[in-house]
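Asker: Take a look at this one; I'll ask things after.
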Amino acid sequence: MSSTGPSVGSGGRTARRVVEFGRTYVVRPKGKHQATVVWLHGLGDNGSSWSQLLETLPLPNIKWICPTAPTQPITVFGGFPSTAWFNVGDLSEDAPDDLEGLDASAAHVANLLSTEPADIKLGVGGFSMGAATALYSATCFTEGKYGNGNPFPAKLNAVVGLSGWLPCSKTLAKKLEGVNEAARRAVSLPILLCHGKGDDVVLYKFGEKSSQSFSSCGFQDVTFKSYNGLGHYTIPVEMNEVCAWLTSKLALEGASS
């Protein structure tokens, strides 16, 4: 799938930035299909590695969709191309936000969820930059539109962010002000944030600040889990908490052994 957005080209003319997403990996539910979750990988990764991990989780009622981000020049890598959901100059919430890239990736998430049956619960989650994209998608759902003003078409029932940060956090409160339904969506949307205290890539404080930003903007179902000594990776105890949380929030029939 490709997505385009305006960007300034040579001579000040408006050019089109074409984004080509990579391969999507799907993990089918082993039991009754009750929920579908789009899971977004981190910078430089692809959908395959996470699909292999997610397939091992005791969540038989979830269909996992694991897309691969576009390969694009990344400022933090000195312009070297990498798979990334958006361009980033610094892996933190203080980095300038690539709204065009964020919107394109949030639209890809919504598109992947658009063909799911009406009775299926929908979620989005991710790791690192994938978590940032998932959290940005959550704000688009809450506001009812993307950063570019186009309507956000998907309904979200759960959002998970591991070792990530919240893009556009400083403008979130202002964006939600005066938007009909935004307060109701914020109150009812469950969000799980997990972060290692030893993370030296996306610092722990950015995960903590993301949780505080959500709470201060009226999101009332935010859970923040911290892990002593955990770096920029995931561990079984963290994934066990993700499983228990998803089973509860998506009202799944229960995990199998």
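So you can find residues: chains in the structure tokens are A, B, ... in the order shown, residues in each start at 1, and ligands are numbered from 1 in order.
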What's the 12 Å shell around Leu59 (chain A), counting only C-alpha atoms, without same-chain residues fewer than 4 positions away, as number ranges by chain?

Answerer: A: 27-37, 53-55, 63-64, 239-240, 242-248, 250-257

Asker: Run DSSP on the backbone and grab whatever in region 13-244 of chain A lands in helix (DSSP H, G or I); send it over as number ranges by chain.

Answerer: A: 47-54, 75-77, 99-113, 129-143, 169-176, 182-188, 204-216, 236-244

Asker: Name all residues at most 7 Å from Asn87 (chain A) (count only C-alpha atoms; drop same-chain ones fewer than 2 positions away) and give them as a PyMOL selection string.

Answerer: chain A and resi 74-75+84+89+98+101

Asker: Please, which residues in region 93-156 of chain A fall within 12 Å of region 216-224 of chain A when counting only C-alpha atoms, and what is the closest atom pair and distance in Å to one decimal for each, ordered by chain then residue number, as a tab-separated table?

Answerer:
```
residue	atom	partner	partner_atom	distance
A:Leu135	CA	A:Val222	CA	11.7
A:Ala138	CA	A:Phe219	CA	10.6
A:Thr139	CA	A:Phe219	CA	10.2
A:Thr142	CA	A:Phe219	CA	9.6
A:Glu143	CA	A:Cys217	CA	11.5
```

Asker: Between A:Ser48, A:Ser163, A:Ser188, A:Ser210, which residue has the minimum interatomic distance to Tyr227 (chain A), considering only C-alpha atoms?

Answerer: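 That would be A:Ser163, the residue with the smallest distance to Tyr227 (chain A).
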
Asker: From the options A:Pro67, A:Pro236, A:Gly231, A:Gly130, which residue's atoms come nearest to Phe21 (chain A), counting only C-alpha atoms?

Answerer: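 Answer, going by the shortest atom-to-atom distance: A:Pro67.
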
Asker: Where does DSSP see strand (DSSP E) in region 135-257 of chain A, if you list the residues as a PyMOL selection string?

Answerer: chain A and resi 158-162+191-196+222-227

Asker: Rank nothing, just name the residue among A:Lys155, A:His195, A:Lys175, A:Lys209 nearest to Val109 (chain A), using only C-alpha atoms.

Answerer: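 Among the listed residues, the smallest separation from Val109 (chain A) belongs to A:Lys155.
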
Asker: Using only C-alpha atoms, determine which residues lie at most 6 Å from Cys194 (chain A), disregarding the query and same-chain residues fewer than 4 positions distant; provide the list as a ChimeraX atom specification.

Answerer: /A:162,224-226

Asker: Kindly indicate which residue among A:Leu122, A:Leu99, A:Ala183, A:Leu43 lies nearest to Gly164 (chain A), using only C-alpha atoms for the distances.

Answerer: A:Leu43

Asker: Which value, in Å to one decimal, gives the distance between CA of Trp165 (chain A) and CA of Pro153 (chain A)?

Answerer: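 If I compute the distance from CA of Trp165 (chain A) to CA of Pro153 (chain A), I get 23.3 Å.
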
Asker: Using only C-alpha atoms, determine which residues lie at most 12 Å from Lys145 (chain A), disregarding the query and same-chain residues fewer than 6 positions distant; provide the list as a ChimeraX atom specification.

Answerer: /A:103,106-107,110,136-139,151-155,175-176,179-182
